[in-house]
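S.K.: structure-v4.cif is reproduced in full below (mmCIF, C-alpha atoms and all ligand atoms).
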data_query
loop_
_atom_site.label_atom_id
_atom_site.label_comp_id
_atom_site.auth_asym_id
_atom_site.auth_seq_id
_atom_site.Cartn_x
_atom_site.Cartn_y
_atom_site.Cartn_z
CA MET A 1 0.00 0.00 0.00
CA TYR A 2 1.15 3.56 -0.54
CA ASN A 3 2.21 6.24 1.87
CA GLN A 4 -0.93 7.55 3.54
CA MET A 5 0.82 10.15 5.66
CA ASN A 6 -0.86 13.18 4.17
CA TYR A 7 -4.29 11.63 3.56
CA TYR A 8 -7.43 11.00 5.54
CA LYS A 9 -8.45 7.43 4.81
CA ILE A 10 -12.23 7.42 4.63
CA PRO A 11 -14.11 4.12 4.27
CA ARG A 12 -17.22 4.19 2.11
CA ASP A 13 -19.69 4.14 5.04
CA GLU A 14 -18.00 7.05 6.75
CA TRP A 15 -17.81 9.10 3.56
CA ARG A 16 -21.51 8.55 2.91
CA ASN A 17 -22.46 9.53 6.44
CA LEU A 18 -20.42 12.73 6.32
CA TYR A 19 -22.84 13.99 3.77
CA GLN A 20 -26.18 12.77 5.18
CA LYS A 21 -27.57 16.21 6.01
CA TYR A 22 -27.11 17.44 2.43
CA GLN A 23 -28.54 14.37 0.67
CA VAL A 24 -30.82 15.25 -2.21
CA SER A 25 -32.62 12.68 -4.29
CA LEU A 26 -32.04 12.69 -8.00
CA SER A 27 -34.83 13.51 -10.41
CA ALA A 28 -35.88 11.05 -13.12
CA LYS A 29 -34.23 13.33 -15.69
CA GLU A 30 -30.92 13.32 -13.80
CA LEU A 31 -31.07 9.54 -13.42
CA SER A 32 -31.61 9.09 -17.12
CA ARG A 33 -28.67 11.41 -17.86
CA ILE A 34 -26.48 9.29 -15.59
CA LYS A 35 -27.65 6.10 -17.28
CA SER A 36 -26.75 7.61 -20.62
CA VAL A 37 -23.15 8.08 -19.41
CA ASN A 38 -22.93 4.35 -18.63
CA ASP A 39 -25.91 2.19 -17.80
CA ARG A 40 -23.81 0.00 -15.51
CA ILE A 41 -22.96 2.80 -13.08
CA SER A 42 -24.18 1.88 -9.61
CA LEU A 43 -26.82 4.36 -8.44
CA ALA A 44 -25.81 3.58 -4.85
CA ASP A 45 -22.33 4.88 -5.75
CA VAL A 46 -23.82 7.99 -7.32
CA GLN A 47 -25.72 8.69 -4.12
CA ASP A 48 -23.08 7.63 -1.59
CA ILE A 49 -19.84 8.56 -3.32
CA TYR A 50 -20.24 10.97 -6.21
CA GLN A 51 -22.91 13.31 -4.80
CA PRO A 52 -20.84 13.99 -1.66
CA LEU A 53 -17.84 14.48 -3.95
CA VAL A 54 -19.74 17.13 -5.93
CA HIS A 55 -20.53 18.84 -2.63
CA LEU A 56 -16.81 18.81 -1.70
CA LEU A 57 -15.93 20.23 -5.12
CA GLY A 58 -18.47 23.00 -4.47
CA ILE A 59 -16.57 23.90 -1.27
CA HIS A 60 -13.31 24.07 -3.21
CA MET A 61 -14.86 26.14 -6.01
CA LYS A 62 -16.28 28.67 -3.58
CA SER A 63 -13.05 29.12 -1.67
CA ARG A 64 -11.00 29.35 -4.90
CA GLN A 65 -13.34 32.03 -6.23
CA GLU A 66 -13.05 34.03 -3.01
CA LEU A 67 -9.25 33.74 -3.06
CA MET A 68 -9.06 34.93 -6.68
CA LYS A 69 -11.31 37.89 -5.83
CA GLN A 70 -9.29 38.94 -2.82
CA GLN A 71 -5.98 38.51 -4.65
CA ALA A 72 -7.26 40.75 -7.46
CA GLU A 73 -8.26 43.35 -4.85
CA PHE A 74 -4.79 43.13 -3.32
CA LEU A 75 -3.19 43.67 -6.72
CA GLY A 76 -5.60 46.46 -7.54
CA ILE A 77 -6.74 44.75 -10.71
CA GLU A 78 -10.20 43.81 -11.84
CA ALA A 79 -11.22 40.28 -10.83
CA HIS A 80 -12.12 38.16 -13.82
CA LYS A 81 -13.65 34.72 -14.08
CA VAL A 82 -11.02 32.02 -13.71
CA PRO A 83 -12.17 28.55 -14.79
CA PHE A 84 -11.99 25.90 -12.07
CA ILE A 85 -9.98 23.00 -13.48
CA LEU A 86 -10.51 19.48 -12.20
CA GLY A 87 -7.96 16.84 -13.21
CA ILE A 88 -8.75 13.13 -13.31
CA ALA A 89 -5.85 10.65 -13.49
CA GLY A 90 -5.41 6.86 -13.33
CA SER A 91 -4.55 3.79 -15.39
CA VAL A 92 -5.80 3.02 -18.87
CA ALA A 93 -9.27 1.42 -18.44
CA VAL A 94 -9.66 2.20 -14.73
CA GLY A 95 -12.76 4.29 -15.50
CA LYS A 96 -11.42 7.83 -15.76
CA SER A 97 -13.60 8.88 -18.66
CA THR A 98 -16.71 7.36 -17.08
CA THR A 99 -15.96 9.16 -13.78
CA ALA A 100 -15.29 12.39 -15.69
CA ARG A 101 -18.56 12.21 -17.63
CA LEU A 102 -20.50 11.31 -14.50
CA LEU A 103 -19.02 14.30 -12.64
CA GLN A 104 -19.77 16.55 -15.59
CA THR A 105 -23.40 15.39 -15.49
CA LEU A 106 -23.72 15.81 -11.72
CA LEU A 107 -21.95 19.19 -11.65
CA SER A 108 -24.18 20.47 -14.47
CA ALA A 109 -27.27 19.28 -12.60
CA THR A 110 -26.12 20.85 -9.33
CA TYR A 111 -25.01 24.13 -10.92
CA PRO A 112 -27.31 24.60 -13.95
CA GLU A 113 -26.03 28.16 -14.41
CA LYS A 114 -22.43 26.99 -14.82
CA LYS A 115 -20.79 25.89 -18.06
CA VAL A 116 -19.05 22.55 -17.41
CA GLN A 117 -16.74 21.29 -20.16
CA LEU A 118 -14.71 18.11 -20.44
CA ILE A 119 -11.65 17.16 -22.45
CA THR A 120 -9.43 14.11 -22.52
CA THR A 121 -5.67 14.28 -22.93
CA ASP A 122 -5.80 11.42 -25.48
CA GLY A 123 -6.19 14.25 -28.00
CA PHE A 124 -2.67 15.44 -27.18
CA LEU A 125 -1.12 12.13 -28.21
CA TYR A 126 0.99 12.48 -31.35
CA PRO A 127 -0.84 11.09 -34.39
CA ASN A 128 0.11 7.48 -35.30
CA LYS A 129 2.11 8.76 -38.26
CA GLU A 130 4.32 10.79 -35.94
CA LEU A 131 4.55 7.95 -33.38
CA LYS A 132 5.72 5.66 -36.21
CA ARG A 133 8.23 8.25 -37.41
CA ARG A 134 9.66 8.45 -33.90
CA GLN A 135 9.50 4.63 -33.65
CA ILE A 136 7.39 4.77 -30.51
CA MET A 137 4.13 3.20 -31.73
CA GLN A 138 4.52 0.56 -29.01
CA ARG A 139 4.80 3.35 -26.43
CA LYS A 140 1.38 4.91 -26.97
CA GLY A 141 0.31 6.37 -23.62
CA PHE A 142 3.88 6.67 -22.28
CA PRO A 143 5.08 10.22 -21.50
CA GLU A 144 7.05 10.59 -24.75
CA SER A 145 3.93 9.84 -26.86
CA TYR A 146 2.21 13.09 -25.81
CA ASP A 147 2.76 16.63 -26.96
CA MET A 148 2.92 17.89 -23.40
CA GLY A 149 4.05 21.38 -24.40
CA ARG A 150 0.83 21.74 -26.36
CA LEU A 151 -1.22 20.46 -23.43
CA LEU A 152 0.46 22.98 -21.12
CA THR A 153 -0.27 25.85 -23.52
CA PHE A 154 -3.87 24.66 -23.81
CA THR A 155 -4.36 24.61 -20.02
CA ASN A 156 -2.66 27.99 -19.61
CA ASP A 157 -4.96 29.49 -22.26
CA VAL A 158 -8.07 28.10 -20.56
CA LYS A 159 -7.00 29.53 -17.20
CA ASN A 160 -6.45 32.93 -18.83
CA GLY A 161 -9.94 32.95 -20.35
CA LEU A 162 -8.74 32.45 -23.93
CA PRO A 163 -10.61 30.10 -26.27
CA ALA A 164 -8.56 26.90 -26.60
CA LYS A 165 -8.80 23.91 -28.94
CA ALA A 166 -8.18 20.34 -27.82
CA PRO A 167 -7.51 17.87 -30.66
CA ARG A 168 -9.71 14.76 -30.73
CA TYR A 169 -8.61 11.15 -30.39
CA SER A 170 -10.80 8.26 -31.50
CA HIS A 171 -10.47 4.83 -29.86
CA LYS A 172 -12.33 3.37 -32.86
CA VAL A 173 -9.87 4.80 -35.39
CA TYR A 174 -7.01 4.29 -32.90
CA ASP A 175 -5.63 7.65 -33.95
CA ILE A 176 -6.04 11.42 -33.75
CA VAL A 177 -8.94 12.57 -35.91
CA PRO A 178 -7.47 15.17 -38.29
CA ASP A 179 -8.95 18.68 -38.04
CA GLU A 180 -11.42 17.83 -35.28
CA PHE A 181 -11.29 19.72 -32.03
CA ASP A 182 -13.15 20.32 -28.81
CA VAL A 183 -13.36 24.05 -28.33
CA VAL A 184 -13.10 25.13 -24.74
CA ASP A 185 -14.38 28.66 -24.38
CA ASN A 186 -14.36 30.31 -20.98
CA PRO A 187 -16.09 27.54 -18.99
CA ASP A 188 -16.82 27.83 -15.28
CA ILE A 189 -15.50 24.33 -14.79
CA LEU A 190 -13.21 22.30 -17.04
CA ILE A 191 -12.58 18.61 -16.38
CA VAL A 192 -9.28 17.36 -17.83
CA GLU A 193 -9.10 13.59 -17.87
CA GLY A 194 -6.10 11.43 -18.81
CA ILE A 195 -3.42 9.01 -17.68
CA ASN A 196 -0.77 11.74 -17.74
CA VAL A 197 -2.42 14.69 -16.02
CA LEU A 198 -0.32 14.43 -12.87
CA GLN A 199 2.96 13.79 -14.67
CA LEU A 200 5.86 16.25 -14.99
CA PRO A 201 6.44 16.87 -18.69
CA SER A 202 10.02 16.20 -19.74
CA ASN A 203 12.01 19.39 -20.49
CA GLN A 204 9.39 21.52 -18.72
CA GLN A 205 9.47 23.21 -15.38
CA LEU A 206 5.73 23.22 -15.02
CA TYR A 207 3.21 20.46 -14.27
CA VAL A 208 -0.11 20.54 -16.14
CA SER A 209 -1.51 19.99 -12.66
CA ASP A 210 -0.13 23.39 -11.56
CA PHE A 211 -3.24 24.72 -13.30
CA PHE A 212 -5.59 22.33 -11.50
CA ASP A 213 -7.76 23.45 -8.62
CA PHE A 214 -8.52 19.87 -7.60
CA SER A 215 -7.32 16.49 -8.78
CA ILE A 216 -8.64 12.96 -8.47
CA TYR A 217 -6.73 9.70 -9.00
CA VAL A 218 -9.00 6.77 -9.84
CA ASP A 219 -7.40 3.69 -8.34
CA ALA A 220 -7.99 -0.08 -8.28
CA HIS A 221 -6.03 -3.31 -8.02
CA GLU A 222 -4.07 -4.00 -11.18
CA ASP A 223 -5.77 -7.39 -11.78
CA LEU A 224 -9.20 -5.73 -11.74
CA ILE A 225 -8.06 -3.05 -14.17
CA GLN A 226 -6.74 -5.72 -16.53
CA GLY A 227 -10.20 -7.35 -16.43
CA TRP A 228 -11.89 -4.01 -17.21
CA TYR A 229 -9.45 -3.44 -20.07
CA LEU A 230 -10.28 -6.84 -21.58
CA GLU A 231 -14.03 -6.31 -21.07
CA ARG A 232 -13.83 -2.97 -22.86
CA PHE A 233 -11.87 -4.63 -25.65
CA GLU A 234 -14.69 -7.18 -26.08
CA THR A 235 -17.22 -4.33 -26.25
CA LEU A 236 -15.08 -2.55 -28.86
CA LEU A 237 -15.06 -5.76 -30.94
CA ASP A 238 -18.84 -6.17 -30.58
CA THR A 239 -19.39 -2.72 -32.07
CA ALA A 240 -16.63 -2.96 -34.70
CA PHE A 241 -17.67 -5.89 -36.83
CA GLN A 242 -20.10 -3.91 -38.99
CA ASP A 243 -17.63 -1.14 -39.73
CA PRO A 244 -14.61 -1.99 -41.91
CA SER A 245 -13.06 1.42 -41.18
CA ASN A 246 -12.88 0.57 -37.48
CA TYR A 247 -9.37 -0.22 -36.20
CA TYR A 248 -10.76 -3.30 -34.43
CA TYR A 249 -12.64 -4.63 -37.51
CA PRO A 250 -10.03 -7.27 -38.48
CA TYR A 251 -10.05 -8.57 -34.89
CA ALA A 252 -13.85 -8.42 -34.74
CA ILE A 253 -14.36 -10.62 -37.80
CA GLY A 254 -11.46 -12.94 -36.99
CA ASP A 255 -10.79 -15.56 -34.34
CA ARG A 256 -11.99 -14.24 -30.94
CA THR A 257 -9.54 -16.27 -28.92
CA LYS A 258 -6.63 -14.89 -30.93
CA ALA A 259 -7.99 -11.34 -30.57
CA THR A 260 -8.32 -11.70 -26.80
CA ARG A 261 -4.81 -13.09 -26.62
CA MET A 262 -3.58 -10.03 -28.52
CA ALA A 263 -5.40 -7.66 -26.13
CA ARG A 264 -3.91 -9.46 -23.14
CA ARG A 265 -0.46 -9.06 -24.71
CA VAL A 266 -1.06 -5.33 -25.24
CA TRP A 267 -2.05 -5.00 -21.60
CA LEU A 268 1.01 -6.89 -20.39
CA THR A 269 3.55 -5.20 -22.65
CA ILE A 270 2.21 -1.64 -22.91
CA ASN A 271 -0.49 -0.54 -20.50
CA ARG A 272 0.64 -2.43 -17.40
CA PRO A 273 4.28 -1.28 -17.59
CA ASN A 274 3.00 2.25 -18.19
CA LEU A 275 0.81 1.99 -15.09
CA ARG A 276 3.67 0.70 -12.96
CA GLU A 277 6.39 3.03 -14.20
CA TYR A 278 4.65 6.30 -14.97
CA ILE A 279 1.04 6.46 -13.77
CA LEU A 280 1.01 4.90 -10.29
CA PRO A 281 3.93 7.08 -9.10
CA THR A 282 1.69 10.14 -9.62
CA ARG A 283 -1.04 8.86 -7.29
CA ASN A 284 0.27 10.72 -4.26
CA ARG A 285 -0.03 14.05 -6.06
CA ALA A 286 -3.81 13.80 -6.19
CA ASP A 287 -6.07 15.70 -3.81
CA LEU A 288 -8.40 12.72 -3.69
CA ILE A 289 -7.81 9.04 -4.41
CA LEU A 290 -10.96 7.16 -5.33
CA HIS A 291 -10.35 3.47 -4.71
CA LYS A 292 -12.57 0.99 -6.58
CA THR A 293 -13.17 -2.72 -6.11
CA GLN A 294 -15.18 -5.34 -8.05
CA ASN A 295 -17.77 -3.93 -10.45
CA HIS A 296 -16.21 -0.46 -10.13
CA LEU A 297 -17.73 0.03 -6.67
CA VAL A 298 -15.84 2.56 -4.54
CA ASN A 299 -14.84 1.11 -1.17
CA GLU A 300 -12.59 3.81 0.23
CA LEU A 301 -11.38 7.34 -0.41
CA PHE A 302 -8.18 9.12 0.53
CA LEU A 303 -8.51 12.86 0.93
CA ARG A 304 -5.37 14.98 1.05
CA LYS A 305 -5.08 16.70 4.42
CA TYR A 306 -2.95 19.75 3.56
N1 LIG B 1 -18.56 3.22 -12.57
C1 LIG B 1 -18.57 2.26 -13.52
N2 LIG B 1 -19.51 1.29 -13.50
C2 LIG B 1 -19.53 0.32 -14.43
N3 LIG B 1 -18.64 0.21 -15.44
C3 LIG B 1 -17.67 1.15 -15.52
C4 LIG B 1 -17.60 2.22 -14.57
N4 LIG B 1 -16.52 2.97 -14.89
C5 LIG B 1 -15.97 2.41 -15.98
N5 LIG B 1 -16.65 1.32 -16.37
C6 LIG B 1 -16.31 0.45 -17.51
O1 LIG B 1 -14.90 0.14 -17.44
C7 LIG B 1 -14.27 0.25 -18.70
C8 LIG B 1 -13.20 1.32 -18.68
O2 LIG B 1 -13.81 2.56 -18.42
P1 LIG B 1 -13.35 3.92 -19.13
O3 LIG B 1 -14.14 5.00 -18.50
O4 LIG B 1 -13.36 3.76 -20.59
O5 LIG B 1 -11.83 3.96 -18.60
P2 LIG B 1 -10.63 4.95 -18.91
O6 LIG B 1 -11.19 6.24 -19.39
O7 LIG B 1 -9.93 5.07 -17.60
O8 LIG B 1 -9.79 4.25 -19.92
C9 LIG B 1 -15.40 0.55 -19.71
O9 LIG B 1 -15.83 -0.67 -20.27
C10 LIG B 1 -16.49 1.15 -18.83
O10 LIG B 1 -17.78 0.91 -19.36
C1 LIG B 2 -5.13 6.04 -25.84
C2 LIG B 2 -4.66 5.45 -24.53
C3 LIG B 2 -3.18 5.72 -24.30
C4 LIG B 2 -5.37 6.19 -23.39
O1 LIG B 2 -6.17 5.43 -22.69
P1 LIG B 2 -7.58 5.72 -21.96
O2 LIG B 2 -7.20 6.16 -20.62
O3 LIG B 2 -8.34 6.76 -22.71
O4 LIG B 2 -8.26 4.42 -22.00
C5 LIG B 2 -4.91 3.91 -24.48
O5 LIG B 2 -6.24 3.62 -24.70
C6 LIG B 2 -4.08 3.16 -25.52
O6 LIG B 2 -4.39 3.15 -26.69
N1 LIG B 2 -2.97 2.52 -25.09
C7 LIG B 2 -2.03 1.88 -25.99
C8 LIG B 2 -2.14 0.39 -25.97
C9 LIG B 2 -3.56 -0.09 -26.31
O7 LIG B 2 -4.34 -0.26 -25.38
O8 LIG B 2 -3.85 -0.33 -27.49
#
Show me the file's structure as structure tokens.
Ligand SMILES: Nc1ncnc2c1ncn2[C@@H]1O[C@H](COP(=O)(O)OP(=O)(O)O)[C@@H](O)[C@H]1O
Ligand SMILES: CC(C)(COP(=O)(O)O)[C@@H](O)C(=O)NCCC(=O)O

M.R.:
Amino acid sequence: MYNQMNYYKIPRDEWRNLYQKYQVSLSAKELSRIKSVNDRISLADVQDIYQPLVHLLGIHMKSRQELMKQQAEFLGIEAHKVPFILGIAGSVAVGKSTTARLLQTLLSATYPEKKVQLITTDGFLYPNKELKRRQIMQRKGFPESYDMGRLLTFTNDVKNGLPAKAPRYSHKVYDIVPDEFDVVDNPDILIVEGINVLQLPSNQQLYVSDFFDFSIYVDAHEDLIQGWYLERFETLLDTAFQDPSNYYYPYAIGDRTKATRMARRVWLTINRPNLREYILPTRNRADLILHKTQNHLVNELFLRKY
């Protein structure tokens, strides 16, 4: 287990009870929005884990806003809106993007007047062509496969209220989609999700996370994550077999056992070493560690003390 020195370890039951007095039940519309993120999300987790988390984020947003206002007064400059940036880190297939979309849904429901945007750092991977040129196609997801300078500039622009474009990555195409972007334009809240968001870019003095107001590391036992990776691979195959342009099409129409063997190999030779060498070491930088067990259920949380 990791060093818990600077964290409150909060078991699920305690976390849920901390929030009892603020509990609000979700409307049918909110429930259907959550189901549209992922229909396997446990509603007990939404109620017991993620709603209290949204409340905690609200506390952080309010205090950050107040600090920015007072600092502007101190400097004698006009206070302007500074987007609150929430980073979400963790292994490939641990559930970052699901957590990010769920939080986007819950934050939008809780703060209907706020603009909540979401981007994933997959878009800052170099395109396959460039990865091949650099001979690092087998290192997709490792620090050197990302244009971290571009990600830093993007985050800096967002913080400064400038419109910023995040390139798009498609899991189906297994590559960057040329000329497609997510435009982030002065949101109140931006969620930045990706395996690398707590990493120190090489040749840079700045962490992307220096721009974050709160960060979450989604954590689980490695064997469980491997299972989730393989399950997701099966789902990708199930949706690929009718689309010859899909990267997974040849695997989808071929021998399933061989395809699964290939996915297992990819996990063991790429994603697992990446988790061990580059992702897990960033866990202790997070403000909150969300620890999941079987079926993605959260059993304990670690909240940074100071
Ligand atoms: N809370 C959850 N409940 C049920 N299934 C989940 C949950 N979170 C993730 N999953 C499933 O786990 C797999 C990986 O999730 P995903 O969000 O794609 O991970 P990541 O973005 O970390 O790669 C997907 O098949 C997804 O449907
Ligand atoms: C694009 C990724 C680096 C990012 O992963 P994500 O967290 O979005 O699942 C990953 O899905 C990936 O493609 N890894 C390379 C090896 C592979 O799984 O094919």

S.K.: Any chance you could tabulate, as JSON lines, the residues of chain A at most 6 Å from ligand LIG 2 (chain B) with each one's nearest atom pair and distance in Å to one decimal, using only C-alpha atoms and all ligand atoms, in chain and rising number order?

M.R.:
{"residue": "A:Val92", "atom": "CA", "partner": "B:LIG2", "partner_atom": "O2", "distance": 3.9}
{"residue": "A:Ala93", "atom": "CA", "partner": "B:LIG2", "partner_atom": "O4", "distance": 4.8}
{"residue": "A:Asp122", "atom": "CA", "partner": "B:LIG2", "partner_atom": "C1", "distance": 5.4}
{"residue": "A:Lys140", "atom": "CA", "partner": "B:LIG2", "partner_atom": "C7", "distance": 4.7}
{"residue": "A:Gly141", "atom": "CA", "partner": "B:LIG2", "partner_atom": "C3", "distance": 3.6}
{"residue": "A:Gly194", "atom": "CA", "partner": "B:LIG2", "partner_atom": "O2", "distance": 5.7}
{"residue": "A:Ile195", "atom": "CA", "partner": "B:LIG2", "partner_atom": "O2", "distance": 5.6}
{"residue": "A:Val266", "atom": "CA", "partner": "B:LIG2", "partner_atom": "C8", "distance": 5.9}
{"residue": "A:Ile270", "atom": "CA", "partner": "B:LIG2", "partner_atom": "C8", "distance": 5.7}
{"residue": "A:Asn271", "atom": "CA", "partner": "B:LIG2", "partner_atom": "C8", "distance": 5.8}

S.K.: For Pro244 of chain A, which of A:Lys172, A:Arg304, A:Lys35, A:Arg276 is the closest residue, counting only C-alpha atoms?

M.R.: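 Looking at the shortest contact to Pro244 of chain A, the residue is A:Lys172.
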
S.K.: Rank A:Thr98, A:Thr120, A:Gln71, A:Asn6 by their smallest atom-to-atom distance to Ile191 of chain A, using only C-alpha atoms, and report the top residue only.

M.R.: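 Ranking A:Thr98, A:Thr120, A:Gln71, A:Asn6 by distance to Ile191 of chain A, first place goes to A:Thr120.
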
S.K.: Please determine, counting all atoms listed in the file, which residue among A:Leu106, A:Val197, A:Ala240, A:Leu26 has the shortest atom-to-atom distance to Thr155 of chain A.

M.R.: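 Result for the nearest residue to Thr155 of chain A: A:Val197.
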
S.K.: Mind working out the centre and edge lengths of an axis-aligned box for segment 207-223 of chain A, all listed atoms inside, 6 Å added to each side, rounded to one decimal in Å and written as lines of an AutoDock Vina configuration file?

M.R.:
center_x = -2.9
center_y = 8.7
center_z = -11.9
size_x = 24.2
size_y = 44.1
size_z = 20.5

S.K.: Can you measure atom CA of Ile189 of chain A to atom CA of Leu31 of chain A for me? One decimal in Å is fine.

M.R.: 21.5 Å

S.K.: So which residues touch Ser97 of chain A within 12 Å, counting only C-alpha atoms, skipping near sequence neighbours fewer than 6 positions away, as a ChimeraX atom specification?

M.R.: /A:37-38,87-91,103-104,118-122,191-195,217-218

S.K.: Give me, please, the distance in Å between atom CA of Thr99 of chain A and atom CA of Phe241 of chain A, quoted to one decimal.

M.R.: 27.6 Å

S.K.: Neighbouring residues of Tyr19 of chain A were defined as those with any atom within 9 Å, considering all atoms listed in the file; residues of the same chain fewer than 4 positions away were excluded. Please report them as a list of chain:residue names.

M.R.: A:Glu14, A:Trp15, A:Gln23, A:Asp48, A:Gln51, A:Pro52, A:His55

S.K.: Between A:Leu131, A:Leu190, A:Val82, A:Leu57, which has the minimum distance to Val116 of chain A (counting only C-alpha atoms)?

M.R.: A:Leu190

S.K.: With 8 Å as the threshold, what does the neighbourhood of (-14.0, 6.1, -5.6) contain in terms of residues, counting only C-alpha atoms? Coordinates are those of the file; answer as a VMD selection string.

M.R.: chain A and resid 49 to 50 218 to 219 289 to 292 297 to 301

S.K.: Take the residues just selected and output them with C-alpha atoms as a short mmCIF file (atom, residue, chain, number, x, y, z; two decimals), in the coordinates of the input.

M.R.:
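Saved to selection.cif:
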data_model
loop_
_atom_site.label_atom_id
_atom_site.label_comp_id
_atom_site.auth_asym_id
_atom_site.auth_seq_id
_atom_site.Cartn_x
_atom_site.Cartn_y
_atom_site.Cartn_z
CA ILE A 49 -19.84 8.56 -3.32
CA TYR A 50 -20.24 10.97 -6.21
CA VAL A 218 -9.00 6.77 -9.84
CA ASP A 219 -7.40 3.69 -8.34
CA ILE A 289 -7.81 9.04 -4.41
CA LEU A 290 -10.96 7.16 -5.33
CA HIS A 291 -10.35 3.47 -4.71
CA LYS A 292 -12.57 0.99 -6.58
CA LEU A 297 -17.73 0.03 -6.67
CA VAL A 298 -15.84 2.56 -4.54
CA ASN A 299 -14.84 1.11 -1.17
CA GLU A 300 -12.59 3.81 0.23
CA LEU A 301 -11.38 7.34 -0.41
#

S.K.: Could you state the separation of atom CA of Asn284 of chain A and atom CA of Gln117 of chain A in Å, given to one decimal place?

M.R.: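 Result for atom CA of Asn284 of chain A versus atom CA of Gln117 of chain A: 25.6 Å, one decimal.
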
S.K.: Got a sec: who's within 12 Å of Tyr126 of chain A, counting all atoms listed in the file, leaving out chain neighbours fewer than 3 positions off, as a PyMOL selection string?

M.R.: chain A and resi 121-123+129-137+139-151+167-169+174-178

S.K.: Name the residues within 9 Å of (-2.1, 22.7, -13.5), counting all atoms listed in the file in the file's coordinates, and put them as a list of chain:residue names.

M.R.: A:Ile85, A:Gly87, A:Leu152, A:Thr155, A:Asn156, A:Val197, A:Leu198, A:Leu206, A:Tyr207, A:Val208, A:Ser209, A:Asp210, A:Phe211, A:Phe212, A:Asp213

S.K.: Counting only C-alpha atoms and all ligand atoms, which residue out of A:Leu75, A:Ile225, A:Val183, A:Met262 sits closest to ligand LIG 1 (chain B)?

M.R.: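 For ligand LIG 1 (chain B), the nearest of the candidates is A:Ile225.
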
S.K.: Measuring between only C-alpha atoms and all ligand atoms, which one of A:Arg33, A:Arg16, A:His296, A:Arg272 shows the shortest distance to ligand LIG 1 (chain B)?

M.R.: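 For ligand LIG 1 (chain B), the nearest of the given residues is A:His296.
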
S.K.: Contacts of Asp188 of chain A at 7 Å or less, counting all atoms listed in the file, minus same-chain residues fewer than 4 places along, as JSON, numbers by chain?

M.R.: {"A": [83, 84, 114, 115, 116]}

S.K.: Would you mind exporting the chosen residues as a tab-separated table (two decimals), in the coordinates of the input, restricted to C-alpha atoms?

M.R.:
chain	number	residue	atom	x	y	z
A	83	PRO	CA	-12.17	28.55	-14.79
A	84	PHE	CA	-11.99	25.90	-12.07
A	114	LYS	CA	-22.43	26.99	-14.82
A	115	LYS	CA	-20.79	25.89	-18.06
A	116	VAL	CA	-19.05	22.55	-17.41
